[in-house]
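**Q** This structure is in structure tokens; I'll ask about it shortly.
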Amino acid sequence: PPAPAPAEKLLGFAAVPKSLADSVSVPAGYTATVLYALGDPLRASTPAYKNDGTDADFDNRAGDHHDGMEFFALSATGTPSTTASDRGVLAMNHEATTDEKLSSHFLHANGGTTSLPRPAAEVDKEVAVHGISVVEVKKTGTTWATVTDSTFNRRITPLTDVEIGGPARGSALLVTKYSPDGTRTRGTLNNCGNGRTPWGTYLSGEENWSGYFARSATDDAARDAKSVASLRRYGRNQGATSRHGWETAGTDDKYQRWDISKKGASANGSDDYRNEMNGQGYIIEVDAYDKTKPAKKRSALGRFAHESAAFGIATAGQPLAVYMGDDSRNEYIYKFVSAAAWAAADATPTDRIATGDKYLDSGKLYVAKLNADGTGQWIELSMDNPQIKAYAAYQFADLADVVVNARLAADAVGATRMDRPEWCSVNPANGEIYYTLTNNSNRNVNPSGSSQLAPDAANPRAYTDMKGSSAQNGNPNGHIIRFKEGTGAGAATTFQWDVYLFGAESGADATKINLSSLTADQDFSSPDGLAFLKSTGICWIQTDDGAYTDVTNCMMLAALPGQVGDGAKTTLTYDKADGSKLAVDTFVGKKATPDTLKRFLVGPVGSEITGITETPDGKALFVNIQHPGESTSLANIADPTKYTSQWPSNAGYGPGKRPRSATIVITKNDGGRIGT
Ligand code: FEO
Ligand code: CA
Ligand code: CA
Ligand code: CA
């Protein structure tokens with residue numbers, strides 16, 4: 001018989017110190033092992049990765065910039081399971097690539113071409129490392145490894161055929177040469193946070209897709225006013241250049257689609273790509289258990305810079321709620337509420353994508369308004385809302401127009417602009433919803449221009465640095481806000497909020513900056529990834545930071561939060577440039593203690609820690625290390641001693657010295673659950 005489980009205390013581990021080392025550090029008694037890195041083959045026929053810029057066939061390899069992910073358990077016979085903990089598939093996002101001056105330099109032998117036109121051979125590789133991968137993983141003894149030739153293994157790239165679901169399906173806004181009836185699009189792009197449906201599928205959020213498209217300097221004149229307003233609101237003014245210049249690689253549609261200026265002969269865009277960008281920016285659903293099922297974009301959940309998609313607690317007979325954020329400066333927090341009531345039998349459906357059609361294609365989209373008194377409203381974004389119908393700045397035609405242009409709809413109803421909403425997650429203990437607000441350089445005590453905003457109750461800090469310099473602009477360290485739904489739970493239209501945690505340096509002024517009383521074992525900046533994992537109920541917080549990386553690499557912390565309202569009202573007082581005072585009341589959650597917040601992991605140089613999932617028994621934790629060595633200059637591509645990181649090869653994983661994004665698996669040496 002197995003040995004009795006060791007005594008477990010949540011957060012019983014010793015805190016990991018801040019670190020600038022080029023390695024992954026975890027607490028004593030834990031082991032972190034590299035599992036799945038950029039370029040790792042998904043097929044037996046694909047050559048081992050050489051990591052020298054000569055590799056090809058990325059459609060059959062791990063993509064780059066691993067981000068959100070989810071473990072889907074498999075029984076010993078390979079059928080879907082909710083309990084098996086030694087075999088499963090990981091579905092994961094490959095958000096972007098490390099690049100400089102157009103080129104993804106670690107993918108090319110000499111660093112690649114940094115001028116236009118871009119060579120097709122380089123572009124083909126760069127496109128293919130984006131998207132999603134599904135890879136089987138298996139434990140043998142105590143060792144986890146990927147299953148290279150598993151029939152589950154699958155890549156979805158920016159070129160994969162994808163269906164559009166929901167109100168935008170068949171809309172004139174989605175008509176392209178690729179899909180003249182507006183029901184399909186090509187691929188998924190800049191996949192960042194993720195989600196998991198109650199019926200066992202993977203959700204992935206398309207985030208900074210806008211930057212991949214080019215527009216000519218005279219394109220406004222060739223479009224109608226609504227189209228121009230939409231493109232501007234999503235960050236594509238005319239003259240915008242694309243991140244990688246993919247549109248210059250050839251005359252094939254797979255390159256031409258990235259230039260949304262070129263007009264064809266048709267009036268509706270059915271022979272060109274002028275609407276191509278409207279095919280990106282959604283939550284996309286993937287059946288990780290069945291690669292024969294096409295992925296489907298769930299347009300009812302709105303189009304913006306998506307991060308994660310977190311379900312409220314599913315209750316039989318009640319609608320499902322899905323919480324989401326739009327990660328750009330001053331953007332909004334959203335919720336989708338399904339029209340269909342949850343049926344428990346749908347937890348194990350025979351057709352998972354059809355179940356997605358049932359719950360995710362019809363319902364109501366809401367945006368959050370947060371009031372200064374700690375209350376809030378969910379405001380419906382639909383043609384039923386008079387504020388939407390009457391909006392003069394953009395006259396919405398129908399629900400498809402509303403969801404495709406969700407940012408404009410949220411503007412119309414006066415929603416609250418936030419400090420960059422990144423991930424959200426729901427506390428399984430009480431249903432409260434947590435959102436990371438990573439930072440915002442446009443928060444300013446003396447706002448000027450249309451982009452800057454004064455601090456408000458829900459985004460109350462505006463200090464330049466972690467130590468509290470006298471300059472009063474920006475929120476570089478971010479905070480985590482949380483909501484408690486009012487009557488109706490997931491379907492509620494009111495909520496209460498407070499700020500769970502403020503990122504800060506432990507030595508910073510406790511009355512202005514370090515409002516959560518963080519110590520050296522807990523201090524962090526710029527929270528981004530956030531997920532409550534079910535086995536322990538621990539809330540894991542991951543950072544993507546630029547403000548504290550002179551002191552420590554990015555990290556992951558384990559937290560045991562209380563609940564909304566467990567802290568106190570606090571007033572922050574600012575000195576304005578005109579000599580007056582600005583007083584901002586906010587609501588600060590209970591201060592952190594060593595028993596409620598502890599640093600668990602620090603990553604290698606230049607990496608962001610993002611993406612987390614576990615086996616159902618909680619004994620294996622999968623975490624993604626994104627873009628180690630990101631700041632390595634293309635000019636130094638031939639000299640590994642000048643790479644800012646050599647992880648994971650310096651951890652004994654794989655050939656070559658080029659840094660690689662990778663999934664790690666963390667186990668506890670005594671076989672216990674992670675986080676104890
Ligand atoms: Fe891809 Fe907002 O992080
Ligand atoms: Ca993120
Ligand atoms: Ca981020
Ligand atoms: Ca990143």
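FYI, nothing fancy with the structure tokens labels: chains A, B, ... in order, residues from 1 per chain, ligands from 1 as they appear.
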May I have the residues within 12 Å of ligand 3, computed using only C-alpha atoms and all ligand atoms, as a PyMOL selection string?
**A** chain A and resi 67-68+95+192-193+207-208+305-308+326-329+419-423+436-440+476-478+525-530+542-546+554+607-611+626
**Q** I want to know what sits within 6 Å of segment 78-88 of chain A, based on only C-alpha atoms, with residues of the same chain fewer than 6 positions away left out; could you give that as a PyMOL selection string?
**A** chain A and resi 72+136-139+615-616
**Q** At a cut-off of 12 Å, using only C-alpha atoms, what residues contact Ala577 of chain A? Leave out same-chain residues fewer than 5 positions from it and give the result as a ChimeraX atom specification.
**A** /A:444-448,470-473,582
**Q** Given the selection you just returned, output its residues as a file containing N, CA and C atoms, formatted as an mmCIF file, in the first residue's frame.
**A**
```
data_model
loop_
_atom_site.group_PDB
_atom_site.id
_atom_site.type_symbol
_atom_site.label_atom_id
_atom_site.label_comp_id
_atom_site.auth_asym_id
_atom_site.auth_seq_id
_atom_site.Cartn_x
_atom_site.Cartn_y
_atom_site.Cartn_z
ATOM 1 N N ASN A 444 -2.669 59.197 -14.329
ATOM 2 C CA ASN A 444 -1.888 60.397 -14.026
ATOM 3 C C ASN A 444 -2.701 61.355 -13.150
ATOM 4 N N VAL A 445 -2.059 61.883 -12.125
ATOM 5 C CA VAL A 445 -2.738 62.824 -11.230
ATOM 6 C C VAL A 445 -3.090 64.125 -11.960
ATOM 7 N N ASN A 446 -2.282 64.463 -12.963
ATOM 8 C CA ASN A 446 -2.550 65.654 -13.779
ATOM 9 C C ASN A 446 -2.732 65.216 -15.230
ATOM 10 N N PRO A 447 -3.855 64.563 -15.520
ATOM 11 C CA PRO A 447 -3.997 63.956 -16.844
ATOM 12 C C PRO A 447 -4.030 64.992 -17.954
ATOM 13 N N SER A 448 -3.381 64.665 -19.046
ATOM 14 C CA SER A 448 -3.463 65.518 -20.232
ATOM 15 C C SER A 448 -3.722 64.636 -21.444
ATOM 16 N N SER A 470 8.204 61.277 -5.817
ATOM 17 C CA SER A 470 7.203 62.321 -5.720
ATOM 18 C C SER A 470 6.402 62.472 -7.014
ATOM 19 N N ALA A 471 6.936 61.968 -8.129
ATOM 20 C CA ALA A 471 6.186 62.083 -9.388
ATOM 21 C C ALA A 471 4.905 61.261 -9.299
ATOM 22 N N GLN A 472 3.794 61.846 -9.729
ATOM 23 C CA GLN A 472 2.499 61.206 -9.533
ATOM 24 C C GLN A 472 1.869 60.849 -10.863
ATOM 25 N N ASN A 473 2.500 59.882 -11.533
ATOM 26 C CA ASN A 473 1.889 59.366 -12.743
ATOM 27 C C ASN A 473 2.254 57.908 -12.923
ATOM 28 N N LEU A 582 -6.003 66.057 -4.462
ATOM 29 C CA LEU A 582 -6.940 65.076 -5.007
ATOM 30 C C LEU A 582 -7.012 63.923 -4.011
#
```
**Q** Within 9 Å of Phe58 of chain A, counting only C-alpha atoms, which residues qualify if same-chain residues fewer than 6 places away don't, as JSON, numbers by chain?
**A** {"A": [39, 41, 124, 125, 126, 127, 128, 129]}
**Q** Given only C-alpha atoms as the basis, pick out the residue of A:Ala635, A:Leu560, A:Val34, A:Ala249 nearest to Thr663 of chain A.
**A**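 Among A:Ala635, A:Leu560, A:Val34, A:Ala249, it is A:Val34 that comes nearest to Thr663 of chain A.
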**Q** Could you give me the residues within segment 146-279 of chain A that DSSP places in helix (DSSP H, G or I), as a PyMOL selection string?
**A** chain A and resi 172-174+210-212+219-222+225-233+246-248+253-256+276-279
**Q** Can I get the selection written as an mmCIF file, in the first residue's frame, with N, CA and C atoms?
**A**
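Wrote part_21.cif, looks like this:
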```cif
data_model
loop_
_atom_site.group_PDB
_atom_site.id
_atom_site.type_symbol
_atom_site.label_atom_id
_atom_site.label_comp_id
_atom_site.auth_asym_id
_atom_site.auth_seq_id
_atom_site.Cartn_x
_atom_site.Cartn_y
_atom_site.Cartn_z
ATOM 1 N N ALA A 172 -21.807 40.749 -42.515
ATOM 2 C CA ALA A 172 -21.058 41.452 -43.564
ATOM 3 C C ALA A 172 -19.678 41.878 -43.067
ATOM 4 N N LEU A 173 -19.536 42.054 -41.754
ATOM 5 C CA LEU A 173 -18.254 42.482 -41.187
ATOM 6 C C LEU A 173 -17.182 41.395 -41.293
ATOM 7 N N LEU A 174 -17.612 40.150 -41.510
ATOM 8 C CA LEU A 174 -16.674 39.026 -41.552
ATOM 9 C C LEU A 174 -16.411 38.534 -42.967
ATOM 10 N N SER A 210 -3.993 42.936 -33.456
ATOM 11 C CA SER A 210 -4.089 44.128 -34.298
ATOM 12 C C SER A 210 -2.738 44.497 -34.912
ATOM 13 N N GLY A 211 -1.678 44.319 -34.144
ATOM 14 C CA GLY A 211 -0.354 44.753 -34.590
ATOM 15 C C GLY A 211 0.234 43.955 -35.740
ATOM 16 N N TYR A 212 -0.414 42.875 -36.127
ATOM 17 C CA TYR A 212 0.113 42.043 -37.211
ATOM 18 C C TYR A 212 -0.355 42.505 -38.589
ATOM 19 N N ASP A 219 -5.590 54.737 -46.564
ATOM 20 C CA ASP A 219 -6.691 53.768 -46.520
ATOM 21 C C ASP A 219 -7.999 54.360 -45.995
ATOM 22 N N ASP A 220 -7.920 55.395 -45.151
ATOM 23 C CA ASP A 220 -9.163 55.970 -44.609
ATOM 24 C C ASP A 220 -10.110 56.413 -45.727
ATOM 25 N N ALA A 221 -9.542 57.032 -46.744
ATOM 26 C CA ALA A 221 -10.372 57.584 -47.827
ATOM 27 C C ALA A 221 -11.080 56.486 -48.618
ATOM 28 N N ALA A 222 -10.552 55.267 -48.541
ATOM 29 C CA ALA A 222 -11.133 54.163 -49.311
ATOM 30 C C ALA A 222 -12.151 53.368 -48.499
ATOM 31 N N ALA A 225 -16.970 55.558 -42.932
ATOM 32 C CA ALA A 225 -16.590 56.173 -41.655
ATOM 33 C C ALA A 225 -16.644 55.176 -40.503
ATOM 34 N N LYS A 226 -17.603 54.261 -40.530
ATOM 35 C CA LYS A 226 -17.687 53.287 -39.435
ATOM 36 C C LYS A 226 -16.486 52.348 -39.430
ATOM 37 N N SER A 227 -16.091 51.912 -40.609
ATOM 38 C CA SER A 227 -14.937 51.024 -40.700
ATOM 39 C C SER A 227 -13.676 51.717 -40.188
ATOM 40 N N VAL A 228 -13.529 52.981 -40.537
ATOM 41 C CA VAL A 228 -12.363 53.746 -40.064
ATOM 42 C C VAL A 228 -12.408 53.879 -38.535
ATOM 43 N N ALA A 229 -13.587 54.180 -37.994
ATOM 44 C CA ALA A 229 -13.712 54.332 -36.538
ATOM 45 C C ALA A 229 -13.373 53.027 -35.833
ATOM 46 N N SER A 230 -13.821 51.925 -36.399
ATOM 47 C CA SER A 230 -13.546 50.622 -35.808
ATOM 48 C C SER A 230 -12.049 50.315 -35.817
ATOM 49 N N LEU A 231 -11.420 50.528 -36.961
ATOM 50 C CA LEU A 231 -9.988 50.235 -37.062
ATOM 51 C C LEU A 231 -9.185 51.094 -36.088
ATOM 52 N N ARG A 232 -9.549 52.341 -35.962
ATOM 53 C CA ARG A 232 -8.829 53.233 -35.028
ATOM 54 C C ARG A 232 -9.000 52.766 -33.592
ATOM 55 N N ARG A 233 -10.219 52.362 -33.253
ATOM 56 C CA ARG A 233 -10.480 51.966 -31.861
ATOM 57 C C ARG A 233 -9.709 50.711 -31.491
ATOM 58 N N TRP A 246 4.794 40.489 -42.568
ATOM 59 C CA TRP A 246 4.421 39.233 -43.246
ATOM 60 C C TRP A 246 3.734 39.497 -44.583
ATOM 61 N N GLU A 247 3.061 40.655 -44.710
ATOM 62 C CA GLU A 247 2.312 40.944 -45.939
ATOM 63 C C GLU A 247 3.237 41.137 -47.136
ATOM 64 N N THR A 248 4.532 41.258 -46.891
ATOM 65 C CA THR A 248 5.462 41.540 -47.993
ATOM 66 C C THR A 248 6.122 40.284 -48.559
ATOM 67 N N ASP A 253 -2.299 34.496 -51.077
ATOM 68 C CA ASP A 253 -3.248 35.047 -50.104
ATOM 69 C C ASP A 253 -2.769 34.923 -48.662
ATOM 70 N N LYS A 254 -1.997 33.892 -48.383
ATOM 71 C CA LYS A 254 -1.573 33.698 -46.985
ATOM 72 C C LYS A 254 -0.639 34.815 -46.517
ATOM 73 N N TYR A 255 -0.043 35.535 -47.464
ATOM 74 C CA TYR A 255 0.739 36.734 -47.110
ATOM 75 C C TYR A 255 -0.095 38.008 -47.297
ATOM 76 N N GLN A 256 -0.820 38.069 -48.408
ATOM 77 C CA GLN A 256 -1.575 39.281 -48.743
ATOM 78 C C GLN A 256 -2.619 39.623 -47.674
ATOM 79 N N GLU A 276 -10.349 41.502 -42.989
ATOM 80 C CA GLU A 276 -9.619 40.372 -42.403
ATOM 81 C C GLU A 276 -9.393 40.531 -40.892
ATOM 82 N N MET A 277 -9.148 41.766 -40.451
ATOM 83 C CA MET A 277 -8.855 41.952 -39.023
ATOM 84 C C MET A 277 -10.083 41.662 -38.152
ATOM 85 N N ASN A 278 -11.292 41.753 -38.746
ATOM 86 C CA ASN A 278 -12.495 41.436 -37.970
ATOM 87 C C ASN A 278 -12.604 39.942 -37.657
ATOM 88 N N GLY A 279 -11.752 39.141 -38.273
ATOM 89 C CA GLY A 279 -11.729 37.705 -37.978
ATOM 90 C C GLY A 279 -10.855 37.353 -36.793
#
```
**Q** Between atom CA of Met383 of chain A and atom CA of Ser270 of chain A, what distance in Å does the model show, to one decimal?
**A**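 Atom CA of Ser270 of chain A lies at a distance of 26.8 Å from atom CA of Met383 of chain A.
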